[in-house]
Structures are given as structure tokens and as C-alpha cells.
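Everything below concerns the one structure shown next.
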Amino acid sequence: MATFGGARRRNSLAAGMTHEAATLLGLLADDDRLRVVAALALSSGPASAADVASAAGLDLRPAARALSRLAGAGVVDQDGDAYMLRPESFREALDSLGKPERPETPDSGLGADADKVLRAFVRGGKLTQIPAVHGKRLVVLDWLARLFEPGQAYPESEVNERLSAVHPDYAALRRYLVDDEFLHRRDGFYWRAGGTFDVDLDE
């Protein structure tokens with residue numbers, strides 16, 4: 001009976017969790033990832049995978065695997081081989097408790113792996129950070145490109161306005177969209193050039 005009661009209390013707790021809190025707890029339930037988070041929390045600045053492995057008492061391979069998972073979930077920032085903990089991810093998870101669950105992250109239209117990327121970097125229609133990894137950034141840029149209608153030209157001021165509604169660093173997003181050919185630019189105007197297009201099959 002005691003075991004059943006404990007399971008019932010755990011199920012009740014899980015039922016009241018938001019996606020943010022459940023994701024964070026799931027990540028920290030793994031011993032390697034917990035060690036890596038602790039090592040980064042005690043670090044005085046960005047640390048390499050080798051430094052994190054040494055501080056966490058792990059071999060390089062499991063440490064790198066844990067770092068990759070944490071970075072993919074938005075708990076850790078990655079810049080090349082430098083990693084840094086995002087303490088705000090814990091605050092976001094805490095603040096989400098007791099609030100209505102936000103709408104589901106938009107479907108990427110690119111498959112399950114791309115959906116995971118959007119879940120890691122998009123919250124309530126806002127981009128929480130710009131991915132440092134190019135492949136993940138392409139998924140986010142594809143999602144952002146849908147802010148612009150195919151065949152329509154936009155002045156730079158409107159491009160900035162639309163992007164700033166999603167993330168404050170609209171200039172970086174605009175540059176990435178052009179560099180990776182999701183948008184083309186000429187004479188101060190931008191238009192959609194790539195990305196996933198929604199098709200209405202009823203027309």
C-alpha cells in the first residue's frame with residue numbers, strides 16, 4: 001500500500017507540472033547530466049567539454065553527450081567548444097508552475113528531430129535564444145521564414161518589426177535569414193526566398 005501511495009503522489013505531482021518544469025526535471029534525473037550542470041554552475045565562465053568532464057568526474061564521451069543534450073534543450077549555451085549554463089532556464093521552469101500551459105510549439109513540418117529543436121528554443125511563440133549550432137539554427141530560421149508571405153516584398157522596417165516580436169536581436173535574425181537564403185534583399189526590401197511553405201490542398 002505504501003508503494004501505491006507513493007506512486008499516486010508522484011503521478012499527482014507530474015500531472016500539475018508544465019512542459020518546461022517536466023523537461024528540466026527529466027534532464028536532471030540523469031546522473032551524468034546532473035554532474036555536468038553542477039560543474040557548469042561552479043565554473044567561473046565558459047568551459048570546454050574537457051574542462052567540464054574533469055570537473056564533473058566524467059570521461060569525455062559521456063560528458064560531451066550530456067552537454068549536447070543540455071544544449072539541445074536550451075539549458076546550456078554552446079559557442080564552438082565553449083559551454084555555459086543558462087541559469088534563467090531554471091527560473092523559467094519555476095515561473096511556469098501555476099500558470100496555464102502555453103500553446104503547443106508549432107509543427108516544424110520537417111520531422112521529429114526538427115520538432116525537438118523548436119521545442120527547445122521556442123516558448124509561447126517567442127524565440128528564447130538563437131541556436132549557436134548551424135543545423136539547429138536552420139530549423140529556427142525555417143520557422144521564422146513563415147512570418148513572411150511568399151511573393152510579397154517587405155521594407156526593412158517591417159522585417160525588423162516582425163522579427164523583434166519574436167526575439168530582441170532582430171538584426172542578427174535578419175542577417176541569418178539572408179545569409180542562409182530564406183530571404184533575399186535588394187534596395188532596402190526583403191522577400192521570401194526559401195523555407196517550408198504551407199500548401200492548402202483544398203484550393
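How things are named: the first chain in the C-alpha cells is A, the next is B, and so on; residues count from 1 in each chain; ligands count from 1 in the order shown.
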Pick out the residues sitting within 10 Å of Asp81 (chain A), and hand them over as a PyMOL selection string; count only C-alpha atoms, and ignore anything fewer than 5 positions along from it in its own chain. chain A and resi 46-50+64
Option closest in space to Leu138 (chain A), from A:Leu25, A:Gly125, A:Asp169, A:Leu177 [counting only C-alpha atoms]: A:Leu177
Work out how far CA of Trp191 (chain A) is from CA of Glu149 (chain A), in Å to one decimal.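 CA of Trp191 (chain A) lies at a distance of 8.0 Å from CA of Glu149 (chain A).
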If you run DSSP on the backbone here, which positions in region 81-182 of chain A get strand (DSSP E or B)? Please write them as a list in words.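 Strand (DSSP E or B) members of region 81-182 of chain A, listed: Ala82, Tyr83, Met84, Leu85, Val122, Arg123, Lys126, Leu127, Ala153, Tyr154 and Pro155 of chain A.
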Writer output for current selection, N, CA, C and O atoms, as a tab-separated table (two decimals), in the first residue's frame:
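Generated file (again14.tsv):
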```tsv
chain	number	residue	atom	x	y	z
A	82	ALA	N	32.91	25.89	-26.32
A	82	ALA	CA	32.72	26.54	-25.02
A	82	ALA	C	31.26	26.40	-24.59
A	82	ALA	O	30.35	26.63	-25.39
A	83	TYR	N	31.07	26.02	-23.34
A	83	TYR	CA	29.73	25.79	-22.81
A	83	TYR	C	29.52	26.65	-21.57
A	83	TYR	O	30.44	26.87	-20.78
A	84	MET	N	28.27	27.10	-21.41
A	84	MET	CA	27.94	27.92	-20.24
A	84	MET	C	26.50	27.63	-19.84
A	84	MET	O	25.61	27.52	-20.69
A	85	LEU	N	26.28	27.51	-18.54
A	85	LEU	CA	24.95	27.23	-18.02
A	85	LEU	C	24.04	28.44	-18.21
A	85	LEU	O	24.48	29.59	-18.10
A	122	VAL	N	11.73	27.50	-28.69
A	122	VAL	CA	10.54	28.34	-28.83
A	122	VAL	C	9.61	28.10	-27.65
A	122	VAL	O	9.28	26.96	-27.32
A	123	ARG	N	9.21	29.18	-26.98
A	123	ARG	CA	8.29	29.12	-25.86
A	123	ARG	C	7.19	30.16	-26.06
A	123	ARG	O	7.46	31.34	-26.14
A	126	LYS	N	7.65	32.71	-28.75
A	126	LYS	CA	8.84	33.53	-28.67
A	126	LYS	C	10.09	32.66	-28.79
A	126	LYS	O	10.11	31.53	-28.28
A	127	LEU	N	11.12	33.19	-29.43
A	127	LEU	CA	12.40	32.50	-29.52
A	127	LEU	C	13.20	32.81	-28.26
A	127	LEU	O	13.51	33.97	-27.98
A	153	ALA	N	6.95	41.72	-50.99
A	153	ALA	CA	8.18	42.43	-50.61
A	153	ALA	C	7.91	43.24	-49.34
A	153	ALA	O	6.84	43.84	-49.19
A	154	TYR	N	8.89	43.25	-48.44
A	154	TYR	CA	8.74	43.94	-47.16
A	154	TYR	C	9.87	44.95	-46.98
A	154	TYR	O	11.04	44.62	-47.20
A	155	PRO	N	9.56	46.19	-46.58
A	155	PRO	CA	10.64	47.14	-46.25
A	155	PRO	C	11.37	46.65	-44.99
A	155	PRO	O	10.82	45.90	-44.19
```
